[in-house]
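J.: I have a structure I would like to understand better, so I am pasting it below and will then ask my questions one at a time.
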Amino acid sequence: MTDLRADAARNRARVLDVARRRVDDGDLALPMNALAAEAGVGVGTAYRHFRDRTGLLAALARPRVDVLLDDARAAAATDDAVAGLGALLHAVLRAQRDDPAVAELLRTGAGDDGHVADVLRALGDVAEHVLDRAKAQGVRADLHADDLRRLLCGVDHAARLGPDPAADAARYVDMLLPGLRGA
């Protein structure tokens with residue numbers, strides 16, 4: 001992103017603040033007209049900073065996807081590949097729980113945001129590496145990254161039904177891991 005004039009930077013920050021509050025309250029629709037009005041800027045200003053909803057989500061999620069990639073790389077460096085797979089699953093669930101914008105981007109992609117798209121691509125590569133290493137240490141050979149994505153969606157959904165989603169998600173991943181071992 002290029003350097004912005006002070007007023008443009010303030011306007012961008014106002015739109016991001018409103019969008020962050022909405023996302024944190026569970027609203028992922030992020031209609032630009034409503035965001036602009038709530039932020040006290042014109043809708044053209046909002047669109048000038050964020051081409052579309054996905055661009056806005058990517059801007060919100062940027063710091064958290066960077067942390068997620070670091071967590072994934074740490075999981076990949078673990079000597080015990082199965083423990084590394086568990087660490088990766090825990091990290092992804094934590095990122096999704098902590099920031100619904102991250103969950104949405106993991107599901108849909110980063111759109112035109114080059115940085116976030118690069119991070120998500122790198123995250124996919126690291127996840128494949130972690131999975132390949134885990135398979136070499138006894139995880140089911142027929143397990144694919146897309147299977148993990150779907151399983152994590154189920155774990156996330158199930159955990160949100162209980163009174164303590166963070167603890168339940170961690171417990172469910174710990175229950176899931178033995179089932180990923182080869183039969």
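Ordering of the structure tokens sets the chain letters (A, B, ...); residue numbers start at 1 within each chain; ligands are numbered from 1 in the order shown.
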Restrict the calculation to only C-alpha atoms, then for each residue of segment 109-170 of chain A with any atom at most 12 Å from an atom of segment 30-51 of chain A give the closest atom pair and their distance in Å to one decimal, rows by chain and rising residue number, as JSON lines.
T.:
{"residue": "A:Gly111", "atom": "CA", "partner": "A:Arg51", "partner_atom": "CA", "distance": 9.7}
{"residue": "A:Asp112", "atom": "CA", "partner": "A:Arg51", "partner_atom": "CA", "distance": 8.4}
{"residue": "A:Asp113", "atom": "CA", "partner": "A:Phe50", "partner_atom": "CA", "distance": 9.7}
J.: DSSP on the backbone: what in segment 18-48 of chain A comes out alpha helix (DSSP H), as an MDAnalysis selection string?
T.: chainID A and resid 18:24 32:39 43:48
J.: Could you pull the residues within 10 Å of segment 20-26 of chain A, counting only C-alpha atoms, minus those fewer than 2 positions along the same chain, as number ranges by chain?
T.: A: 14-18, 28-30, 35, 56-57, 59-61, 98-101
J.: Restrict the calculation to only C-alpha atoms, then for each residue of segment 40-80 of chain A with any atom at most 12 Å from an atom of segment 121-124 of chain A give the closest atom pair and their distance in Å to one decimal, rows by chain and rising residue number, as a tab-separated table.
T.:
residue	atom	partner	partner_atom	distance
A:Val65	CA	A:Leu123	CA	8.8
A:Asp66	CA	A:Leu123	CA	9.4
A:Val67	CA	A:Leu123	CA	10.6
A:Leu68	CA	A:Leu123	CA	7.9
A:Leu69	CA	A:Leu123	CA	5.6
A:Asp70	CA	A:Leu123	CA	9.0
A:Asp71	CA	A:Leu123	CA	9.6
A:Ala72	CA	A:Leu123	CA	6.9
A:Arg73	CA	A:Leu123	CA	8.3
A:Ala74	CA	A:Leu123	CA	11.6
A:Ala75	CA	A:Leu123	CA	11.3
A:Ala76	CA	A:Leu123	CA	10.7
J.: Could you please determine the separation between atom CA of Leu88 of chain A and atom CA of Val130 of chain A in Å, to one decimal place?
T.: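 Atom CA of Val130 of chain A lies at a distance of 8.0 Å from atom CA of Leu88 of chain A.
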J.: Contacts of Thr108 of chain A at 12 Å or less, counting only C-alpha atoms, minus same-chain residues fewer than 5 places along, as a PDB file with all heavy atoms, in the first residue's frame?
T.:
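Contents of out_9.pdb, as written:
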ATOM      1  N   ARG A  53     -15.735  -6.314  -0.471  1.00  0.00           N
ATOM      2  CA  ARG A  53     -15.818  -6.914   0.858  1.00  0.00           C
ATOM      3  C   ARG A  53     -14.601  -7.777   1.149  1.00  0.00           C
ATOM      4  O   ARG A  53     -14.048  -7.751   2.251  1.00  0.00           O
ATOM      5  CB  ARG A  53     -17.109  -7.731   0.933  1.00  0.00           C
ATOM      6  CG  ARG A  53     -17.266  -8.545   2.165  1.00  0.00           C
ATOM      7  CD  ARG A  53     -18.546  -9.405   2.049  1.00  0.00           C
ATOM      8  NE  ARG A  53     -18.561 -10.414   3.060  1.00  0.00           N
ATOM      9  CZ  ARG A  53     -17.997 -11.609   2.948  1.00  0.00           C
ATOM     10  NH1 ARG A  53     -17.368 -11.955   1.848  1.00  0.00           N
ATOM     11  NH2 ARG A  53     -18.065 -12.471   3.939  1.00  0.00           N
ATOM     12  N   THR A  54     -14.145  -8.545   0.176  1.00  0.00           N
ATOM     13  CA  THR A  54     -13.001  -9.424   0.385  1.00  0.00           C
ATOM     14  C   THR A  54     -11.744  -8.611   0.666  1.00  0.00           C
ATOM     15  O   THR A  54     -10.943  -8.977   1.529  1.00  0.00           O
ATOM     16  CB  THR A  54     -12.792 -10.356  -0.830  1.00  0.00           C
ATOM     17  OG1 THR A  54     -13.993 -11.101  -1.043  1.00  0.00           O
ATOM     18  CG2 THR A  54     -11.641 -11.307  -0.607  1.00  0.00           C
ATOM     19  N   GLY A  55     -11.579  -7.507  -0.030  1.00  0.00           N
ATOM     20  CA  GLY A  55     -10.427  -6.636   0.228  1.00  0.00           C
ATOM     21  C   GLY A  55     -10.457  -6.061   1.631  1.00  0.00           C
ATOM     22  O   GLY A  55      -9.422  -5.941   2.293  1.00  0.00           O
ATOM     23  N   LEU A  57     -12.017  -7.534   4.248  1.00  0.00           N
ATOM     24  CA  LEU A  57     -11.713  -8.656   5.134  1.00  0.00           C
ATOM     25  C   LEU A  57     -10.214  -8.941   5.169  1.00  0.00           C
ATOM     26  O   LEU A  57      -9.643  -9.208   6.229  1.00  0.00           O
ATOM     27  CB  LEU A  57     -12.472  -9.911   4.697  1.00  0.00           C
ATOM     28  CG  LEU A  57     -13.958  -9.938   5.016  1.00  0.00           C
ATOM     29  CD1 LEU A  57     -14.636 -11.088   4.278  1.00  0.00           C
ATOM     30  CD2 LEU A  57     -14.196 -10.051   6.511  1.00  0.00           C
ATOM     31  N   ALA A  58      -9.577  -8.877   4.005  1.00  0.00           N
ATOM     32  CA  ALA A  58      -8.133  -9.133   3.941  1.00  0.00           C
ATOM     33  C   ALA A  58      -7.364  -8.093   4.747  1.00  0.00           C
ATOM     34  O   ALA A  58      -6.412  -8.429   5.462  1.00  0.00           O
ATOM     35  CB  ALA A  58      -7.656  -9.155   2.496  1.00  0.00           C
ATOM     36  N   ALA A 101     -12.702 -12.886  10.351  1.00  0.00           N
ATOM     37  CA  ALA A 101     -12.232 -12.487   9.021  1.00  0.00           C
ATOM     38  C   ALA A 101     -11.231 -13.509   8.487  1.00  0.00           C
ATOM     39  O   ALA A 101     -11.231 -13.831   7.297  1.00  0.00           O
ATOM     40  CB  ALA A 101     -11.610 -11.086   9.062  1.00  0.00           C
ATOM     41  N   VAL A 102     -10.384 -14.042   9.351  1.00  0.00           N
ATOM     42  CA  VAL A 102      -9.435 -15.082   8.945  1.00  0.00           C
ATOM     43  C   VAL A 102     -10.192 -16.325   8.512  1.00  0.00           C
ATOM     44  O   VAL A 102      -9.895 -16.914   7.469  1.00  0.00           O
ATOM     45  CB  VAL A 102      -8.437 -15.412  10.076  1.00  0.00           C
ATOM     46  CG1 VAL A 102      -7.605 -16.638   9.737  1.00  0.00           C
ATOM     47  CG2 VAL A 102      -7.545 -14.219  10.367  1.00  0.00           C
ATOM     48  N   ALA A 103     -11.186 -16.730   9.290  1.00  0.00           N
ATOM     49  CA  ALA A 103     -11.978 -17.910   8.946  1.00  0.00           C
ATOM     50  C   ALA A 103     -12.612 -17.743   7.569  1.00  0.00           C
ATOM     51  O   ALA A 103     -12.589 -18.665   6.748  1.00  0.00           O
ATOM     52  CB  ALA A 103     -13.048 -18.153  10.007  1.00  0.00           C
ATOM     53  N   ALA A 117      -2.971 -13.028  -0.084  1.00  0.00           N
ATOM     54  CA  ALA A 117      -2.992 -14.170  -1.009  1.00  0.00           C
ATOM     55  C   ALA A 117      -1.671 -14.932  -0.946  1.00  0.00           C
ATOM     56  O   ALA A 117      -1.663 -16.175  -0.931  1.00  0.00           O
ATOM     57  CB  ALA A 117      -3.274 -13.695  -2.434  1.00  0.00           C
ATOM     58  N   LEU A 120      -1.601 -16.879   2.349  1.00  0.00           N
ATOM     59  CA  LEU A 120      -2.476 -18.048   2.307  1.00  0.00           C
ATOM     60  C   LEU A 120      -1.882 -19.155   1.426  1.00  0.00           C
ATOM     61  O   LEU A 120      -1.992 -20.340   1.752  1.00  0.00           O
ATOM     62  CB  LEU A 120      -3.872 -17.668   1.827  1.00  0.00           C
ATOM     63  CG  LEU A 120      -4.681 -16.774   2.767  1.00  0.00           C
ATOM     64  CD1 LEU A 120      -6.057 -16.483   2.180  1.00  0.00           C
ATOM     65  CD2 LEU A 120      -4.803 -17.368   4.152  1.00  0.00           C
TER      66      LEU A 120
END
J.: For Pro165 of chain A, which residue out of A:Ala83, A:Leu93, A:Ala127, A:Ala8 is the nearest one, using only C-alpha atoms?
T.: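 Among A:Ala83, A:Leu93, A:Ala127, A:Ala8, it is A:Leu93 that comes nearest to Pro165 of chain A.
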J.: Just want the 12 Å neighbourhood of Ala134 of chain A, counted on only C-alpha atoms, with same-chain residues fewer than 2 positions away dropped. Output as a PyMOL selection string.
T.: chain A and resi 75-88+127-132+136-145+177+180-182
J.: Dump N, CA, C and O atoms for the selected residues as a compact mmCIF listing (two decimals), in the first residue's frame?
T.:
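Result went into result.txt, see below:
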# COMPACT_ATOMS: atom_id res chain seq x y z
N ALA A 75 5.10 -25.32 13.52
CA ALA A 75 4.57 -26.69 13.53
C ALA A 75 5.35 -27.57 12.56
O ALA A 75 5.63 -28.73 12.85
N ALA A 76 5.73 -27.02 11.42
CA ALA A 76 6.49 -27.78 10.43
C ALA A 76 7.88 -28.12 10.92
O ALA A 76 8.47 -29.12 10.49
N ALA A 77 8.41 -27.31 11.82
CA ALA A 77 9.77 -27.53 12.32
C ALA A 77 9.82 -28.49 13.51
O ALA A 77 10.91 -28.86 13.97
N THR A 78 8.66 -28.95 13.98
CA THR A 78 8.60 -29.86 15.11
C THR A 78 9.17 -31.22 14.72
O THR A 78 8.88 -31.73 13.64
N ASP A 79 10.02 -31.80 15.58
CA ASP A 79 10.61 -33.11 15.29
C ASP A 79 9.56 -34.19 15.11
O ASP A 79 9.65 -35.00 14.20
N ASP A 80 8.58 -34.21 15.98
CA ASP A 80 7.50 -35.19 15.89
C ASP A 80 6.46 -34.64 14.93
O ASP A 80 5.71 -33.71 15.25
N ALA A 81 6.41 -35.21 13.72
CA ALA A 81 5.54 -34.68 12.67
C ALA A 81 4.06 -34.77 13.03
O ALA A 81 3.28 -33.89 12.66
N VAL A 82 3.67 -35.79 13.77
CA VAL A 82 2.26 -35.90 14.17
C VAL A 82 1.93 -34.81 15.19
O VAL A 82 0.87 -34.20 15.12
N ALA A 83 2.83 -34.55 16.10
CA ALA A 83 2.63 -33.44 17.04
C ALA A 83 2.60 -32.12 16.27
O ALA A 83 1.82 -31.21 16.61
N GLY A 84 3.41 -32.00 15.23
CA GLY A 84 3.40 -30.81 14.40
C GLY A 84 2.06 -30.63 13.69
O GLY A 84 1.55 -29.51 13.59
N LEU A 85 1.49 -31.74 13.23
CA LEU A 85 0.16 -31.68 12.61
C LEU A 85 -0.86 -31.21 13.64
O LEU A 85 -1.70 -30.35 13.34
N GLY A 86 -0.79 -31.73 14.85
CA GLY A 86 -1.69 -31.28 15.90
C GLY A 86 -1.51 -29.80 16.20
O GLY A 86 -2.50 -29.07 16.35
N ALA A 87 -0.27 -29.36 16.25
CA ALA A 87 0.00 -27.93 16.50
C ALA A 87 -0.58 -27.06 15.39
O ALA A 87 -1.14 -25.99 15.65
N LEU A 88 -0.46 -27.54 14.15
CA LEU A 88 -1.02 -26.79 13.02
C LEU A 88 -2.55 -26.72 13.13
O LEU A 88 -3.14 -25.65 12.95
N ALA A 127 1.20 -26.37 5.14
CA ALA A 127 0.26 -27.39 5.61
C ALA A 127 0.48 -28.70 4.85
O ALA A 127 0.46 -29.78 5.45
N GLU A 128 0.70 -28.62 3.55
CA GLU A 128 0.99 -29.83 2.76
C GLU A 128 2.26 -30.50 3.26
O GLU A 128 2.32 -31.73 3.38
N HIS A 129 3.27 -29.70 3.55
CA HIS A 129 4.54 -30.24 4.06
C HIS A 129 4.32 -30.93 5.41
O HIS A 129 4.83 -32.04 5.63
N VAL A 130 3.59 -30.29 6.29
CA VAL A 130 3.31 -30.87 7.61
C VAL A 130 2.55 -32.18 7.44
O VAL A 130 2.87 -33.19 8.08
N LEU A 131 1.58 -32.19 6.56
CA LEU A 131 0.79 -33.40 6.33
C LEU A 131 1.65 -34.52 5.73
O LEU A 131 1.55 -35.67 6.16
N ASP A 132 2.49 -34.19 4.77
CA ASP A 132 3.38 -35.21 4.18
C ASP A 132 4.30 -35.81 5.23
O ASP A 132 4.51 -37.03 5.26
N ALA A 136 4.38 -39.75 6.73
CA ALA A 136 5.59 -40.57 6.82
C ALA A 136 5.77 -41.16 8.22
O ALA A 136 6.49 -42.14 8.40
N GLN A 137 5.09 -40.57 9.21
CA GLN A 137 5.16 -41.06 10.59
C GLN A 137 3.88 -41.77 11.03
O GLN A 137 3.60 -41.88 12.22
N GLY A 138 3.09 -42.22 10.07
CA GLY A 138 1.96 -43.07 10.42
C GLY A 138 0.57 -42.49 10.30
O GLY A 138 -0.40 -43.19 10.57
N VAL A 139 0.44 -41.25 9.88
CA VAL A 139 -0.89 -40.70 9.66
C VAL A 139 -1.44 -41.30 8.36
O VAL A 139 -0.67 -41.61 7.44
N ARG A 140 -2.73 -41.49 8.30
CA ARG A 140 -3.38 -42.13 7.16
C ARG A 140 -2.88 -41.59 5.83
O ARG A 140 -2.86 -40.38 5.61
N ALA A 141 -2.55 -42.48 4.92
CA ALA A 141 -2.05 -42.09 3.60
C ALA A 141 -3.14 -41.46 2.74
O ALA A 141 -2.84 -40.68 1.84
N ASP A 142 -4.41 -41.77 3.03
CA ASP A 142 -5.50 -41.24 2.21
C ASP A 142 -6.02 -39.89 2.72
O ASP A 142 -7.00 -39.37 2.22
N LEU A 143 -5.35 -39.32 3.72
CA LEU A 143 -5.73 -38.03 4.26
C LEU A 143 -5.17 -36.91 3.38
O LEU A 143 -3.98 -36.91 3.05
N HIS A 144 -6.01 -35.97 3.00
CA HIS A 144 -5.61 -34.85 2.15
C HIS A 144 -5.84 -33.53 2.89
O HIS A 144 -6.63 -33.48 3.84
N ALA A 145 -5.19 -32.50 2.43
CA ALA A 145 -5.33 -31.19 3.07
C ALA A 145 -6.78 -30.73 3.07
O ALA A 145 -7.25 -30.15 4.05
N LEU A 177 -6.85 -36.39 16.53
CA LEU A 177 -5.51 -36.81 16.11
C LEU A 177 -5.30 -38.33 16.12
O LEU A 177 -4.77 -38.87 15.13
N LEU A 180 -6.55 -40.01 13.06
CA LEU A 180 -5.84 -39.74 11.80
C LEU A 180 -4.71 -40.72 11.55
O LEU A 180 -4.15 -40.75 10.46
N ARG A 181 -4.38 -41.50 12.54
CA ARG A 181 -3.33 -42.51 12.38
C ARG A 181 -3.83 -43.59 11.42
O ARG A 181 -5.02 -43.89 11.36
N GLY A 182 -2.92 -44.19 10.70
CA GLY A 182 -3.27 -45.24 9.76
C GLY A 182 -3.92 -46.42 10.45
O GLY A 182 -3.63 -46.73 11.60
J.: Which is closest to Ala95 of chain A among A:Asp52, A:Asp147, A:Asp174, A:Asp156, if we use only C-alpha atoms?
T.: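 When distances to Ala95 of chain A are compared using only C-alpha atoms, the smallest one comes from A:Asp156.
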J.: Mind giving me the straight-line distance from atom CA of Pro63 of chain A to atom CA of Gln96 of chain A in Å, one decimal?
T.: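 Straight-line distance from atom CA of Pro63 of chain A to atom CA of Gln96 of chain A works out to 13.0 Å.
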J.: Give me the residues near Ala159 of chain A as a PyMOL selection string, where near means some atom within 8 Å (using only C-alpha atoms) and where sequence neighbours in that chain fewer than 3 positions away do not count.
T.: chain A and resi 155-156+162+164-166+168-169+172
J.: May I ask which of the residues A:Ala170, A:Arg5, A:Arg64, A:Ala13 is the closest one to Val116 of chain A, counting only C-alpha atoms?
T.: A:Arg64
